[in-house]
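The next block holds one structure in the form of structure tokens; read it before the comments.
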Amino acid sequence: MATRAVKAGKGGPNLAPGRGTAGTGLAGQAPARPALVPPGWVPVTTTVLCAIALADSAYLTWIHYTNPTGLFCSTTGIFNCDAVTTSVYSHPFGIPVAVAGLAWSFVMLLLCSPRGWRASSRWVSPVRLAGSVAGVGMVFYLIYRELFSLSHICEYCTVVHVMTIALFIVVAFGTALGVPAGDEDDDESDLDLAT
């Protein structure tokens, strides 16, 4: 009777110790691309930025549906939230900007959380970067409308704008400075040997 078992380390279904299934494909398939590991401050910073944007967007959404003119902010001079949040530009394509901001902030919070940064799926990093670019594009459009079409600025909207621009910068740096999973351990061991 022929045995079909293959010894560990010689290929086949049995894997050598230390070679888990993560990143290991079936015969003939390429292994999954490892996740990029950003500097330690990046996941924490992006999580905080997204959480602030989410909270502010949630407040703006709540106000939009309960009392559109009830924002606690100035209504005179250049700062006038009511003029901005009730304008024709606050509903592009029939979708309230506050609702779009809330949805965007929620998705970005998932992608920019520490768990999101550790994800090994190939699509997470490009989607995170594309989402931050899309957010900045929308922010520049809204700032243009606030300044040149309405001649008013909304303080609460500005909070989301600042968080979005800051998030783009941190995501871009985190992506650029990221190293493949496992390489960061090599860097630490090199430092240990140098001391």
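All residue names refer to the structure tokens as shown: chains lettered A, B, ... in order, residues numbered from 1 in each chain, ligands numbered from 1 in order.
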At most 9 Å is the cut-off: for each residue in range 34-130 of chain A with any atom that close to an atom of range 145-149 of chain A, write down the nearest atom pair and the distance in Å rounded to one decimal, counting only C-alpha atoms, chain first then increasing number, as CSV.
```
residue,atom,partner,partner_atom,distance
A:Ile78,CA,A:Leu147,CA,8.8
A:Val84,CA,A:Glu146,CA,6.8
A:Tyr89,CA,A:Arg145,CA,7.2
```
Serialized selection, N, CA and C atoms, as a tab-separated table (two decimals), in the first residue's frame:
```
chain	number	residue	atom	x	y	z
A	78	ILE	N	-18.46	86.23	7.81
A	78	ILE	CA	-18.02	85.12	6.95
A	78	ILE	C	-18.36	83.76	7.55
A	84	VAL	N	-24.29	77.79	4.87
A	84	VAL	CA	-23.54	76.73	4.17
A	84	VAL	C	-24.32	75.42	4.18
A	89	TYR	N	-25.58	73.82	-2.46
A	89	TYR	CA	-24.35	73.03	-2.57
A	89	TYR	C	-24.22	71.98	-1.47
```
ask   = In Å, with one decimal, what is the gap from CA of Leu110 in chain A to CA of Phe140 in chain A?
value =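 Taking CA of Leu110 in chain A and CA of Phe140 in chain A, their separation equals 23.3 Å.
Using only C-alpha atoms, the residues found no farther than 12 Å from His64 in chain A, other than those of its own chain fewer than 5 positions away, are Ser57, Ala58, Tyr59, Thr69, Gly70, Leu71, Cys81, Asp82, Val84, Thr85, Thr86, Ser87, Ser90, His91, Ile95, Pro96, Val97, Ala98, Val99 and Leu102 of chain A.
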Keeping C-alpha atoms for every residue in the selection just given, could you write it to a file as a PDB file, in the first residue's frame?
```
ATOM      1  CA  SER A  57     -20.170  64.318  10.609  1.00  0.00           C
ATOM      2  CA  ALA A  58     -22.605  62.486  12.900  1.00  0.00           C
ATOM      3  CA  TYR A  59     -23.480  65.782  14.602  1.00  0.00           C
ATOM      4  CA  THR A  69     -30.752  75.820  11.319  1.00  0.00           C
ATOM      5  CA  GLY A  70     -29.921  74.652  14.846  1.00  0.00           C
ATOM      6  CA  LEU A  71     -26.123  74.548  14.671  1.00  0.00           C
ATOM      7  CA  CYS A  81     -23.023  77.525   9.232  1.00  0.00           C
ATOM      8  CA  ASP A  82     -26.699  77.886   8.419  1.00  0.00           C
ATOM      9  CA  VAL A  84     -23.541  76.728   4.172  1.00  0.00           C
ATOM     10  CA  THR A  85     -25.428  73.679   5.468  1.00  0.00           C
ATOM     11  CA  THR A  86     -28.764  74.727   3.947  1.00  0.00           C
ATOM     12  CA  SER A  87     -27.385  75.940   0.608  1.00  0.00           C
ATOM     13  CA  SER A  90     -25.058  71.019   0.569  1.00  0.00           C
ATOM     14  CA  HIS A  91     -26.936  68.363  -1.486  1.00  0.00           C
ATOM     15  CA  ILE A  95     -27.243  63.426  -1.167  1.00  0.00           C
ATOM     16  CA  PRO A  96     -26.700  65.603   1.910  1.00  0.00           C
ATOM     17  CA  VAL A  97     -22.981  66.344   2.318  1.00  0.00           C
ATOM     18  CA  ALA A  98     -23.285  65.533   6.028  1.00  0.00           C
ATOM     19  CA  VAL A  99     -24.544  62.007   5.235  1.00  0.00           C
ATOM     20  CA  LEU A 102     -20.609  60.347   7.784  1.00  0.00           C
TER      21      LEU A 102
END
```
message = Among range 12-158 of chain A, which residues does DSSP mark as helix (DSSP H, G or I) when it is run on the backbone? Keep the chain and numbering as in the structure and answer as number ranges by chain.
response = A: 41-66, 81-85, 88-90, 92-94, 97-112, 114-118, 124-150, 155-158
task = Determine, counting only C-alpha atoms, which protein, DNA and RNA residues have an atom within 8 Å of an atom of Val171 in chain A; residues of the same chain fewer than 6 positions away are not included. Present the result as a PyMOL selection string.
result = chain A and resi 42+46+128-129+132
Selected residues written out with N, CA and C atoms, as a compact mmCIF listing (two decimals), in the first residue's frame:
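Below you can see again-v2.txt, which holds the result:
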```
# COMPACT_ATOMS: atom_id res chain seq x y z
N VAL A 42 1.28 55.83 12.94
CA VAL A 42 0.33 56.04 11.84
C VAL A 42 -1.07 55.48 12.16
N THR A 46 -4.30 57.98 12.46
CA THR A 46 -5.40 57.92 11.52
C THR A 46 -6.72 57.55 12.20
N ARG A 128 -7.64 52.47 0.80
CA ARG A 128 -7.41 53.47 1.85
C ARG A 128 -6.82 54.74 1.25
N LEU A 129 -5.82 54.58 0.41
CA LEU A 129 -5.19 55.75 -0.24
C LEU A 129 -6.17 56.44 -1.19
N SER A 132 -8.72 58.42 0.79
CA SER A 132 -8.21 59.69 1.33
C SER A 132 -8.05 60.73 0.22
```
ask   = What is the distance, in Å and to one decimal place, between CA of Glu155 in chain A and CA of Thr75 in chain A?
value = 10.6 Å
key: 8 Å contact set for Leu49 in chain A, only C-alpha atoms, chain neighbours under 6 positions out, as a list in words   = Met163, Thr164, Ala166 and Leu167 of chain A
task = May I ask which of the residues A:Phe93, A:Phe72, A:Ala100, A:Cys112 is the closest one to Ala51 in chain A, counting only C-alpha atoms?
result =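 Using only C-alpha atoms, the shortest distance to Ala51 in chain A belongs to A:Cys112.
Distance annotation: of A:Leu109, A:Leu60, A:Ala181, A:Cys73, the residue with the minimal separation from Val160 in chain A is A:Leu60; atom set is only C-alpha atoms.
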key: Point-to-point distance from CA of Pro43 in chain A to CA of Trp62 in chain A, Å rounded to tenths   =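 Between these atoms lies a distance of 27.9 Å.
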Surrounding residues of Cys154 in chain A excluding itself and chain neighbours under 2 positions, 6 Å, only C-alpha atoms, as a list in words =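 In the requested form, the answer reads Phe79, Asn80, Cys81, Tyr156 and Cys157 of chain A.
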